[in-house]
file run-v9.cif (mmCIF, C-alpha atoms)
data_model
#
loop_
_atom_site.label_atom_id
_atom_site.label_comp_id
_atom_site.auth_asym_id
_atom_site.auth_seq_id
_atom_site.Cartn_x
_atom_site.Cartn_y
_atom_site.Cartn_z
CA ALA A 1 -28.78 106.84 -68.75
CA SER A 2 -32.24 108.36 -69.00
CA GLY A 3 -33.31 106.18 -66.10
CA ALA A 4 -30.61 107.57 -63.86
CA ALA A 5 -31.43 111.15 -64.77
CA GLU A 6 -35.08 110.54 -64.05
CA THR A 7 -34.40 109.01 -60.70
CA ARG A 8 -32.26 111.90 -59.71
CA SER A 9 -34.82 114.54 -60.62
CA THR A 10 -37.54 112.62 -58.79
CA THR A 11 -35.43 112.52 -55.66
CA ALA A 12 -34.78 116.23 -55.89
CA ASN A 13 -38.50 116.84 -56.22
CA THR A 14 -39.31 114.70 -53.25
CA VAL A 15 -36.89 116.61 -51.10
CA THR A 16 -38.31 120.00 -51.99
CA VAL A 17 -41.84 118.75 -51.59
CA THR A 18 -41.38 117.04 -48.27
CA SER A 19 -39.20 119.46 -46.34
CA PRO A 20 -41.72 122.31 -46.03
CA SER A 21 -44.59 119.94 -45.32
CA ARG A 22 -42.59 118.19 -42.64
CA ALA A 23 -42.91 121.17 -40.29
CA ASN A 24 -46.70 121.22 -40.64
CA ASP A 25 -47.29 117.54 -40.49
CA ASP A 26 -45.24 115.99 -37.72
CA GLU A 27 -47.12 112.75 -37.58
CA PRO A 28 -45.33 110.53 -40.09
CA THR A 29 -41.94 111.81 -38.89
CA ASP A 30 -42.82 111.03 -35.31
CA ALA A 31 -43.85 107.53 -36.29
CA VAL A 32 -40.59 106.98 -38.15
CA ARG A 33 -38.65 108.39 -35.26
CA HIS A 34 -40.39 106.09 -32.83
CA LYS A 35 -39.78 103.07 -35.04
CA LEU A 36 -36.10 103.84 -35.52
CA GLU A 37 -35.61 104.46 -31.81
CA THR A 38 -37.29 101.20 -30.91
CA THR A 39 -35.17 99.36 -33.44
CA GLY A 40 -32.04 100.92 -31.98
CA TYR A 41 -33.20 100.10 -28.46
CA ARG A 42 -33.37 96.41 -29.28
CA VAL A 43 -29.95 96.48 -30.88
CA GLY A 44 -28.45 98.32 -27.90
CA GLN A 45 -29.93 95.81 -25.50
CA GLY A 46 -28.60 92.86 -27.49
CA LEU A 47 -25.13 94.33 -27.86
CA VAL A 48 -24.79 94.99 -24.14
CA GLU A 49 -25.98 91.50 -23.27
CA ARG A 50 -23.29 90.03 -25.47
CA PHE A 51 -20.43 92.33 -24.64
CA SER A 52 -20.76 92.99 -20.93
CA LYS A 53 -21.11 89.40 -19.75
CA ASP A 54 -17.41 88.76 -19.15
CA ARG A 55 -16.51 91.99 -17.45
CA PRO A 56 -16.51 92.82 -13.76
CA ARG A 57 -19.66 94.16 -12.17
CA PHE A 58 -20.32 97.87 -12.60
CA ASN A 59 -19.79 99.93 -9.44
CA ASP A 60 -21.99 102.90 -10.25
CA THR A 61 -23.66 104.85 -13.00
CA LEU A 62 -20.45 106.57 -14.01
CA ASP A 63 -18.89 103.18 -14.53
CA VAL A 64 -21.71 102.28 -16.90
CA ILE A 65 -21.40 105.57 -18.76
CA LYS A 66 -17.67 104.98 -19.21
CA PHE A 67 -18.40 101.52 -20.61
CA LEU A 68 -20.78 103.21 -23.02
CA CYS A 69 -18.22 105.85 -24.07
CA LYS A 70 -15.40 103.40 -24.64
CA ASP A 71 -16.43 99.80 -25.24
CA LEU A 72 -19.84 100.25 -26.77
CA TRP A 73 -18.96 103.34 -28.77
CA SER A 74 -15.92 101.77 -30.40
CA LEU A 75 -17.93 98.64 -31.07
CA VAL A 76 -20.69 100.52 -32.85
CA PHE A 77 -19.01 103.63 -34.19
CA GLY A 78 -15.37 102.58 -34.48
CA LYS A 79 -14.00 105.15 -32.04
CA ASN A 80 -14.36 106.40 -28.48
CA ILE A 81 -16.46 109.33 -27.33
CA ASP A 82 -14.26 112.44 -27.39
CA ASN A 83 -15.62 114.23 -24.40
CA LEU A 84 -17.70 113.32 -21.38
CA LYS A 85 -19.15 115.91 -19.03
CA THR A 86 -21.34 115.40 -16.02
CA ASN A 87 -22.95 117.66 -13.43
CA HIS A 88 -22.50 114.83 -10.88
CA ARG A 89 -26.26 114.85 -10.39
CA GLY A 90 -27.18 112.33 -13.02
CA VAL A 91 -26.76 114.31 -16.23
CA TYR A 92 -24.09 113.19 -18.67
CA VAL A 93 -23.15 114.90 -21.92
CA LEU A 94 -21.27 112.81 -24.45
CA THR A 95 -19.62 114.55 -27.38
CA ASP A 96 -18.42 112.69 -30.43
CA SER A 97 -16.67 115.28 -32.58
CA VAL A 98 -16.46 113.04 -35.63
CA PHE A 99 -19.59 110.90 -35.45
CA ARG A 100 -19.06 108.09 -37.92
CA PRO A 101 -22.51 108.09 -39.54
CA PHE A 102 -21.96 111.79 -40.30
CA SER A 103 -18.41 111.51 -41.53
CA ARG A 104 -19.28 111.31 -45.20
CA MET A 105 -22.35 113.50 -45.33
CA SER A 106 -22.61 116.59 -47.41
CA THR A 107 -25.26 118.76 -48.96
CA GLU A 108 -25.31 121.67 -51.34
CA ALA A 109 -24.76 125.09 -49.74
CA GLY A 110 -27.86 126.11 -47.79
CA GLY A 111 -29.05 122.53 -47.88
CA GLN A 112 -30.08 122.56 -44.24
CA ALA A 113 -27.53 119.89 -43.49
CA ILE A 114 -28.07 120.02 -39.73
CA VAL A 115 -31.83 119.57 -39.97
CA ARG A 116 -31.45 116.77 -42.45
CA ALA A 117 -28.80 114.99 -40.41
CA GLN A 118 -31.03 114.86 -37.33
CA PRO A 119 -33.00 111.72 -38.33
CA TYR A 120 -29.74 109.79 -38.54
CA LEU A 121 -29.42 110.22 -34.78
CA TRP A 122 -32.67 108.43 -33.98
CA PHE A 123 -31.32 104.94 -34.39
CA PRO A 124 -28.10 105.61 -32.41
CA CYS A 125 -30.16 107.35 -29.73
CA GLY A 126 -32.20 104.17 -29.40
CA ILE A 127 -29.01 102.12 -29.13
CA VAL A 128 -27.85 104.27 -26.20
CA LYS A 129 -31.23 103.98 -24.47
CA GLY A 130 -31.37 100.24 -24.97
CA ALA A 131 -27.82 99.79 -23.73
CA LEU A 132 -28.50 101.81 -20.58
CA ALA A 133 -31.75 99.97 -19.94
CA ALA A 134 -30.00 96.62 -20.25
CA LEU A 135 -27.58 97.79 -17.57
CA GLY A 136 -30.39 98.83 -15.27
CA ILE A 137 -30.38 102.55 -15.85
CA ASP A 138 -33.59 104.36 -16.70
CA ALA A 139 -32.75 107.47 -18.61
CA THR A 140 -33.96 109.90 -21.19
CA VAL A 141 -31.51 110.33 -24.03
CA GLN A 142 -31.45 113.21 -26.45
CA ALA A 143 -29.14 113.44 -29.40
CA GLU A 144 -28.35 116.68 -31.15
CA VAL A 145 -26.19 117.91 -33.95
CA HIS A 146 -24.83 121.44 -33.80
CA GLU A 147 -22.10 121.23 -36.36
CA LEU A 148 -21.38 118.32 -38.71
CA PRO A 149 -19.76 115.86 -38.30
CA GLY A 150 -20.15 116.18 -34.52
CA ALA A 151 -22.92 114.70 -32.42
CA ILE A 152 -23.91 115.33 -28.82
CA PHE A 153 -25.80 112.85 -26.67
CA GLN A 154 -27.38 114.07 -23.46
CA ILE A 155 -28.28 111.42 -20.93
CA LYS A 156 -30.55 112.31 -18.02
CA THR A 157 -30.74 109.46 -15.58
CA ASP A 158 -33.60 109.10 -13.15
CA GLN A 159 -31.25 110.26 -10.44
CA SER A 160 -31.30 113.72 -11.99
CA LYS A 161 -35.07 114.04 -11.78
CA PRO A 162 -36.69 115.33 -8.59
CA MET B 1 -10.43 85.67 -64.73
CA SER B 2 -9.72 82.43 -62.96
CA SER B 3 -11.59 81.49 -59.85
CA ASN B 4 -8.38 81.49 -57.81
CA LYS B 5 -7.50 84.94 -58.91
CA ALA B 6 -10.94 86.17 -57.85
CA SER B 7 -10.33 84.68 -54.39
CA ARG B 8 -7.01 86.47 -54.11
CA ILE B 9 -8.50 89.78 -55.18
CA GLY B 10 -11.34 89.42 -52.68
CA GLU B 11 -8.95 88.56 -49.89
CA GLU B 12 -6.65 91.46 -50.73
CA ILE B 13 -9.44 94.04 -50.84
CA TRP B 14 -10.93 92.76 -47.59
CA LYS B 15 -7.59 93.14 -45.86
CA THR B 16 -6.57 96.51 -47.19
CA ARG B 17 -9.48 98.60 -48.39
CA ILE B 18 -12.49 97.83 -46.22
CA ASP B 19 -13.74 99.69 -43.16
CA LYS B 20 -14.94 96.91 -40.89
CA VAL B 21 -17.89 96.94 -38.54
CA ASN B 22 -18.62 94.58 -35.70
CA THR B 23 -20.41 91.41 -36.87
CA GLU B 24 -22.81 91.31 -33.93
CA LEU B 25 -23.89 94.86 -34.69
CA VAL B 26 -24.80 93.75 -38.21
CA THR B 27 -26.50 90.57 -37.04
CA LEU B 28 -28.54 92.32 -34.35
CA THR B 29 -29.49 95.22 -36.59
CA TYR B 30 -30.60 92.97 -39.41
CA GLY B 31 -32.52 90.77 -36.99
CA THR B 32 -34.28 93.78 -35.52
CA ILE B 33 -35.26 94.96 -38.99
CA VAL B 34 -36.80 91.59 -39.82
CA VAL B 35 -38.66 91.57 -36.50
CA GLN B 36 -39.96 95.07 -37.16
CA LEU B 37 -41.15 94.06 -40.64
CA CYS B 38 -42.95 91.03 -39.19
CA LYS B 39 -44.72 93.38 -36.80
CA ASP B 40 -45.48 95.98 -39.46
CA TYR B 41 -46.99 93.41 -41.81
CA ASP B 42 -48.76 91.44 -39.10
CA ASN B 43 -46.72 88.28 -39.68
CA ASP B 44 -47.64 88.17 -43.36
CA TYR B 45 -44.34 86.50 -44.24
CA GLU B 46 -44.93 86.61 -47.99
CA GLU B 47 -45.06 90.37 -47.65
CA VAL B 48 -42.01 90.44 -45.36
CA ASN B 49 -40.05 88.46 -47.98
CA LYS B 50 -41.16 90.97 -50.58
CA GLN B 51 -40.15 93.97 -48.47
CA LEU B 52 -36.75 92.49 -47.64
CA ASP B 53 -36.15 91.84 -51.32
CA LYS B 54 -37.13 95.42 -52.12
CA MET B 55 -34.84 96.85 -49.44
CA GLY B 56 -32.03 94.73 -50.82
CA TYR B 57 -32.76 95.87 -54.36
CA ASN B 58 -32.41 99.50 -53.34
CA ILE B 59 -29.17 98.70 -51.53
CA GLY B 60 -27.86 96.78 -54.54
CA LEU B 61 -28.50 99.67 -56.91
CA ARG B 62 -26.03 101.72 -54.88
CA LEU B 63 -23.75 99.03 -53.56
CA ILE B 64 -22.53 98.16 -57.04
CA GLU B 65 -20.79 101.55 -57.16
CA ASP B 66 -18.89 100.73 -54.03
CA TYR B 67 -18.10 97.27 -55.36
CA LEU B 68 -16.71 98.68 -58.60
CA ALA B 69 -14.73 101.37 -56.81
CA LYS B 70 -13.18 98.94 -54.36
CA SER B 71 -12.64 95.95 -56.63
CA ASN B 72 -11.12 98.17 -59.26
CA THR B 73 -11.11 95.30 -61.75
CA MET B 74 -11.64 97.68 -64.65
CA LYS B 75 -13.10 95.15 -67.00
CA ARG B 76 -16.35 93.39 -67.62
CA CYS B 77 -16.83 89.76 -66.79
CA THR B 78 -16.63 87.74 -69.98
CA SER B 79 -19.24 85.17 -69.00
CA PHE B 80 -22.01 84.64 -66.47
CA ARG B 81 -19.77 82.01 -64.87
CA GLU B 82 -17.15 84.65 -64.24
CA THR B 83 -19.83 86.97 -62.87
CA ALA B 84 -20.87 84.28 -60.40
CA ASP B 85 -17.30 83.84 -59.22
CA MET B 86 -16.84 87.57 -58.74
CA ILE B 87 -20.09 87.79 -56.78
CA ALA B 88 -19.10 84.98 -54.43
CA LYS B 89 -15.38 85.58 -54.05
CA VAL B 90 -15.15 89.35 -54.30
CA GLY B 91 -18.64 90.75 -53.59
CA PHE B 92 -19.64 88.58 -50.64
CA LYS B 93 -16.06 88.54 -49.40
CA ILE B 94 -15.59 92.29 -49.21
CA PHE B 95 -19.03 93.17 -47.86
CA LEU B 96 -19.78 90.24 -45.54
CA ASN B 97 -16.43 88.44 -45.24
CA ILE B 98 -17.95 85.18 -46.43
CA THR B 99 -17.43 83.21 -49.62
CA PRO B 100 -20.47 81.17 -50.62
CA GLN B 101 -19.83 78.23 -52.95
CA VAL B 102 -20.87 78.61 -56.56
CA THR B 103 -22.42 75.37 -57.67
CA ASN B 104 -25.28 73.50 -59.39
CA TRP B 105 -24.91 75.15 -62.79
CA THR B 106 -27.47 74.37 -65.44
CA ASN B 107 -26.11 73.18 -68.79
CA ASP B 108 -26.86 76.47 -70.49
CA ASN B 109 -24.73 78.29 -67.88
CA ASN B 110 -27.58 80.64 -67.06
CA GLN B 111 -28.44 79.40 -63.58
CA PHE B 112 -26.35 78.65 -60.53
CA SER B 113 -26.64 78.28 -56.80
CA LEU B 114 -24.85 80.07 -54.01
CA VAL B 115 -24.47 77.76 -51.04
CA PHE B 116 -23.81 79.57 -47.77
CA ASP B 117 -21.72 77.64 -45.25
CA GLU B 118 -21.89 80.66 -43.00
CA ASN B 119 -24.29 83.57 -42.93
CA PRO B 120 -23.64 86.38 -40.46
CA PHE B 121 -27.25 87.61 -40.79
CA ALA B 122 -28.58 84.34 -39.41
CA ASP B 123 -26.32 83.94 -36.36
CA PHE B 124 -28.29 83.24 -33.18
CA VAL B 125 -31.56 83.43 -35.06
CA GLU B 126 -34.65 81.34 -34.41
CA LEU B 127 -37.65 81.72 -36.64
CA PRO B 128 -40.98 82.44 -34.94
CA ASP B 129 -42.58 79.28 -33.65
CA ASP B 130 -46.03 79.92 -35.10
CA GLY B 131 -46.13 77.02 -37.53
CA ARG B 132 -45.97 79.33 -40.52
CA ALA B 133 -42.65 81.19 -40.41
CA GLN B 134 -40.77 77.91 -40.84
CA ASP B 135 -42.50 77.44 -44.19
CA GLU B 136 -43.02 80.96 -45.40
CA LEU B 137 -40.29 83.32 -44.16
CA TRP B 138 -37.02 83.58 -46.07
CA TYR B 139 -35.04 85.26 -43.36
CA SER B 140 -32.06 86.42 -45.44
CA ASN B 141 -34.14 87.45 -48.43
CA ILE B 142 -32.54 90.89 -48.49
CA LEU B 143 -29.53 89.25 -50.16
CA CYS B 144 -31.61 88.24 -53.19
CA GLY B 145 -32.64 91.83 -53.68
CA VAL B 146 -29.07 93.07 -53.32
CA LEU B 147 -27.92 90.78 -56.15
CA ARG B 148 -30.86 91.72 -58.35
CA GLY B 149 -30.26 95.46 -57.85
CA ALA B 150 -26.50 95.33 -58.20
CA LEU B 151 -26.56 93.21 -61.35
CA GLU B 152 -29.26 95.33 -62.94
CA MET B 153 -26.89 98.28 -62.78
CA VAL B 154 -24.33 96.34 -64.79
CA GLN B 155 -26.80 95.30 -67.48
CA MET B 156 -27.87 91.94 -66.15
CA GLN B 157 -31.45 91.16 -65.33
CA VAL B 158 -31.49 88.29 -62.88
CA GLU B 159 -33.99 86.52 -60.68
CA ALA B 160 -32.81 85.29 -57.29
CA HIS B 161 -34.54 83.38 -54.52
CA PHE B 162 -33.65 81.06 -51.68
CA ILE B 163 -34.55 77.40 -52.06
CA SER B 164 -33.34 76.19 -48.68
CA ASP B 165 -32.26 77.65 -45.36
CA VAL B 166 -30.67 76.01 -42.32
CA LEU B 167 -32.98 78.16 -40.18
CA LYS B 168 -35.84 76.09 -41.56
CA GLY B 169 -34.11 72.86 -40.70
CA ASN B 170 -32.65 72.29 -44.18
CA ASP B 171 -29.11 70.94 -44.47
CA THR B 172 -27.86 73.93 -46.43
CA THR B 173 -28.68 77.53 -47.14
CA GLU B 174 -28.93 77.83 -50.90
CA MET B 175 -29.85 80.70 -53.19
CA ARG B 176 -30.75 80.11 -56.82
CA VAL B 177 -29.71 82.84 -59.26
CA SER B 178 -30.96 82.90 -62.87
CA LEU B 179 -29.84 85.18 -65.65
CA LEU B 180 -32.93 86.37 -67.51
CA ARG B 181 -31.23 88.60 -70.05
CA TYR B 182 -28.45 91.06 -70.68
CA ILE B 183 -29.97 94.52 -70.77
CA ASP B 184 -29.06 96.49 -73.87
CA ASP B 185 -27.73 99.96 -73.45
CA GLU B 186 -30.63 102.13 -74.42
CA LEU B 187 -30.06 105.69 -75.46
CA PRO B 188 -32.50 108.22 -74.08
CA PRO B 189 -35.00 109.05 -76.84
CA GLU B 190 -34.28 112.79 -76.81
CA ASP B 191 -30.64 112.12 -77.66
CA ASP B 192 -31.49 110.57 -81.04
#
call {"tool": "encode", "arguments": {"input": "run-v9.cif", "output": "structure tokens"}}
result
Amino acid sequence: ASGAAETRSTTANTVTVTSPSRANDDEPTDAVRHKLETTGYRVGQGLVERFSKDRPRFNDTLDVIKFLCKDLWSLVFGKNIDNLKTNHRGVYVLTDSVFRPFSRMSTEAGGQAIVRAQPYLWFPCGIVKGALAALGIDATVQAEVHELPGAIFQIKTDQSKP
Amino acid sequence: MSSNKASRIGEEIWKTRIDKVNTELVTLTYGTIVVQLCKDYDNDYEEVNKQLDKMGYNIGLRLIEDYLAKSNTMKRCTSFRETADMIAKVGFKIFLNITPQVTNWTNDNNQFSLVFDENPFADFVELPDDGRAQDELWYSNILCGVLRGALEMVQMQVEAHFISDVLKGNDTTEMRVSLLRYIDDELPPEDD
């Protein structure tokens, strides 16, 4: 019992110690972010290779994005994307209003839940990038959380850049 | 609890109480983690084994809660033999949908093997062809850590390691699990 109590207080300490320093010292966080994104990228690539091989050829980018929103999303996150918006010039905004990795998260009041949830988007963000790359689409992908448990993924394909 | 009953419980929980995820997602994610560790530790496979075991240990410490909540068996195993059965037929069943065989007991009933006929972590895996990984890397080593961590939380100190792996060209994938001791409940000193 004492062990458990100790562990808990250590964790609490770590959180208070690291959160202020994180803003000043971006370096380790950036490295972690990069690593998680790369890991996700590889997974996304592998998944697409396995799960797109028996389907008809994609007609255009929108077709690929739809595959991402339906097939890939339900494969990885157990549900479809809830909302897809596009400006028809290569920018796509995918909204998942109950993002599975967030569905059981909670913090104490004022626990900066949104800030602390952000790192959990790095791996999925990599998956999306890797999946798109495997289907021949170069894109920048940004994932954001505005309100838990929702997540928003913004995909800017090369087509959107001048 | 009889071994058959454990199988039925495992089967029942798997069917009714488990949120499933896609196997390939698990396989690819685990594979990517191992690859990343090999990179991070410059193909020092001893170290990769150690890190995988450590990651598993930290998972095990928490996973036991989920196991207890889902299995809902409400009572302690009466022997290490029963523990082994529950690990194989309930634990592995509900978390990985596999049931390794429990076998090769020592006479004192303190050591057994888990033989894996299937292992979702190792699907479509090839070990690096550098002449060392085949000898040194225990690809699924995270599982040893998971058992060590989970059992520690229910007062059993165990040691677990793989002794063969089909990825290395062996005929079977076998993990050896030894009970070192039952951990006594220790009261925190300030409560005396």
call {"tool": "resolve_selection", "arguments": {"input": "run-v9.cif", "expression": "the PyMOL selection byres ((chain A and resi 65) around 12)", "output": "count of residues only"}}
result
39
call {"tool": "atom_distance", "arguments": {"input": "run-v9.cif", "atom1": "atom CA of Gly91 of chain B", "atom2": "atom CA of Phe112 of chain B"}}
result
15.9 Å
call {"tool": "closest_residue", "arguments": {"input": "run-v9.cif", "among": "B:Asp117, B:Asp185, B:Glu159, B:Asp165", "to": "Tyr57 of chain B", "atoms": "all atoms listed in the file"}}
result
B:Glu159
call {"tool": "interface_residues", "arguments": {"input": "run-v9.cif", "of": "chain B", "to": "chain A", "cutoff": "8 Å", "atoms": "all atoms listed in the file", "output": "list in words"}}
result
Val21, Asn22, Glu24, Leu25, Leu28, Thr29, Thr32, Ile33, Gln36, Glu186, Leu187 and Pro188 of chain B
call {"tool": "residues_around", "arguments": {"input": "run-v9.cif", "residues": "Ile183 of chain B", "least_positions_apart": "6", "cutoff": "7 Å", "atoms": "all atoms listed in the file", "output": "VMD selection string"}}
result
chain B and resid 155 to 157
call {"tool": "residues_around", "arguments": {"input": "run-v9.cif", "residues": "Leu121 of chain A", "least_positions_apart": "4", "cutoff": "10 Å", "atoms": "all atoms listed in the file", "output": "count of residues only"}}
result
17
call {"tool": "atom_distance", "arguments": {"input": "run-v9.cif", "atom1": "atom CA of Ala160 of chain B", "atom2": "atom CA of Glu174 of chain B"}}
result
10.6 Å
call {"tool": "closest_residue", "arguments": {"input": "run-v9.cif", "among": "B:Leu143, B:Val177, B:Phe116, B:Asn109", "to": "Glu82 of chain B", "atoms": "all atoms listed in the file"}}
result
B:Asn109
call {"tool": "residues_around", "arguments": {"input": "run-v9.cif", "residues": "Gly31 of chain B", "least_positions_apart": "5", "cutoff": "8 Å", "atoms": "only C-alpha atoms", "output": "PyMOL selection string"}}
result
chain B and resi 121-122+125
call {"tool": "atom_distance", "arguments": {"input": "run-v9.cif", "atom1": "atom CA of Ile87 of chain B", "atom2": "atom CA of Glu136 of chain B"}}
result
26.5 Å
call {"tool": "residues_around", "arguments": {"input": "run-v9.cif", "residues": "Ala113 of chain A", "least_positions_apart": "6", "cutoff": "12 Å", "atoms": "all atoms listed in the file", "output": "list in words"}}
result
Phe102, Met105, Ser106, Thr107, Pro119, Tyr120, Val145, His146, Glu147, Leu148 and Pro149 of chain A
call {"tool": "closest_residue", "arguments": {"input": "run-v9.cif", "among": "A:His34, A:Gly150, A:Arg89, A:Ser97", "to": "Ile114 of chain A", "atoms": "only C-alpha atoms"}}
result
A:Gly150
call {"tool": "residues_near_point", "arguments": {"input": "run-v9.cif", "point": "(-33.2, 74.5, -54.2)", "cutoff": "10 Å", "atoms": "only C-alpha atoms", "output": "ChimeraX atom specification"}}
result
/B:104,113,115,161-165,172-176
call {"tool": "closest_residue", "arguments": {"input": "run-v9.cif", "among": "A:Gly130, A:Gly111, A:Asp82, A:Val48", "to": "Asp96 of chain A", "atoms": "only C-alpha atoms"}}
result
A:Asp82
call {"tool": "resolve_selection", "arguments": {"input": "run-v9.cif", "expression": "the PyMOL selection byres ((chain B and resi 94) around 10)", "output": "PyMOL selection string"}}
result
chain B and resi 9-15+17-20+67+70-71+87-93+95-99
call {"tool": "write_last_selection", "arguments": {"input": "run-v9.cif", "atoms": "C-alpha atoms", "output": "PDB file, in the coordinates of the input"}}
result
ATOM      1  CA  ILE B   9      -8.500  89.780 -55.180  1.00  0.00           C
ATOM      2  CA  GLY B  10     -11.340  89.420 -52.680  1.00  0.00           C
ATOM      3  CA  GLU B  11      -8.950  88.560 -49.890  1.00  0.00           C
ATOM      4  CA  GLU B  12      -6.650  91.460 -50.730  1.00  0.00           C
ATOM      5  CA  ILE B  13      -9.440  94.040 -50.840  1.00  0.00           C
ATOM      6  CA  TRP B  14     -10.930  92.760 -47.590  1.00  0.00           C
ATOM      7  CA  LYS B  15      -7.590  93.140 -45.860  1.00  0.00           C
ATOM      8  CA  ARG B  17      -9.480  98.600 -48.390  1.00  0.00           C
ATOM      9  CA  ILE B  18     -12.490  97.830 -46.220  1.00  0.00           C
ATOM     10  CA  ASP B  19     -13.740  99.690 -43.160  1.00  0.00           C
ATOM     11  CA  LYS B  20     -14.940  96.910 -40.890  1.00  0.00           C
ATOM     12  CA  TYR B  67     -18.100  97.270 -55.360  1.00  0.00           C
ATOM     13  CA  LYS B  70     -13.180  98.940 -54.360  1.00  0.00           C
ATOM     14  CA  SER B  71     -12.640  95.950 -56.630  1.00  0.00           C
ATOM     15  CA  ILE B  87     -20.090  87.790 -56.780  1.00  0.00           C
ATOM     16  CA  ALA B  88     -19.100  84.980 -54.430  1.00  0.00           C
ATOM     17  CA  LYS B  89     -15.380  85.580 -54.050  1.00  0.00           C
ATOM     18  CA  VAL B  90     -15.150  89.350 -54.300  1.00  0.00           C
ATOM     19  CA  GLY B  91     -18.640  90.750 -53.590  1.00  0.00           C
ATOM     20  CA  PHE B  92     -19.640  88.580 -50.640  1.00  0.00           C
ATOM     21  CA  LYS B  93     -16.060  88.540 -49.400  1.00  0.00           C
ATOM     22  CA  PHE B  95     -19.030  93.170 -47.860  1.00  0.00           C
ATOM     23  CA  LEU B  96     -19.780  90.240 -45.540  1.00  0.00           C
ATOM     24  CA  ASN B  97     -16.430  88.440 -45.240  1.00  0.00           C
ATOM     25  CA  ILE B  98     -17.950  85.180 -46.430  1.00  0.00           C
ATOM     26  CA  THR B  99     -17.430  83.210 -49.620  1.00  0.00           C
TER      27      THR B  99
END
call {"tool": "closest_residue", "arguments": {"input": "run-v9.cif", "among": "B:Trp105, B:Tyr41, B:Phe80, B:Tyr139", "to": "Pro120 of chain B", "atoms": "only C-alpha atoms"}}
result
B:Tyr139
call {"tool": "resolve_selection", "arguments": {"input": "run-v9.cif", "expression": "the PyMOL selection byres ((chain B and resi 126) around 12)", "output": "JSON, numbers by chain"}}
result
{"B": [31, 34, 35, 121, 122, 123, 124, 125, 127, 128, 129, 130, 133, 134, 137, 139, 165, 166, 167, 168, 169]}
call {"tool": "closest_residue", "arguments": {"input": "run-v9.cif", "among": "A:Arg116, A:His88, A:Lys79, A:Arg55", "to": "Arg100 of chain A", "atoms": "all atoms listed in the file"}}
result
A:Lys79
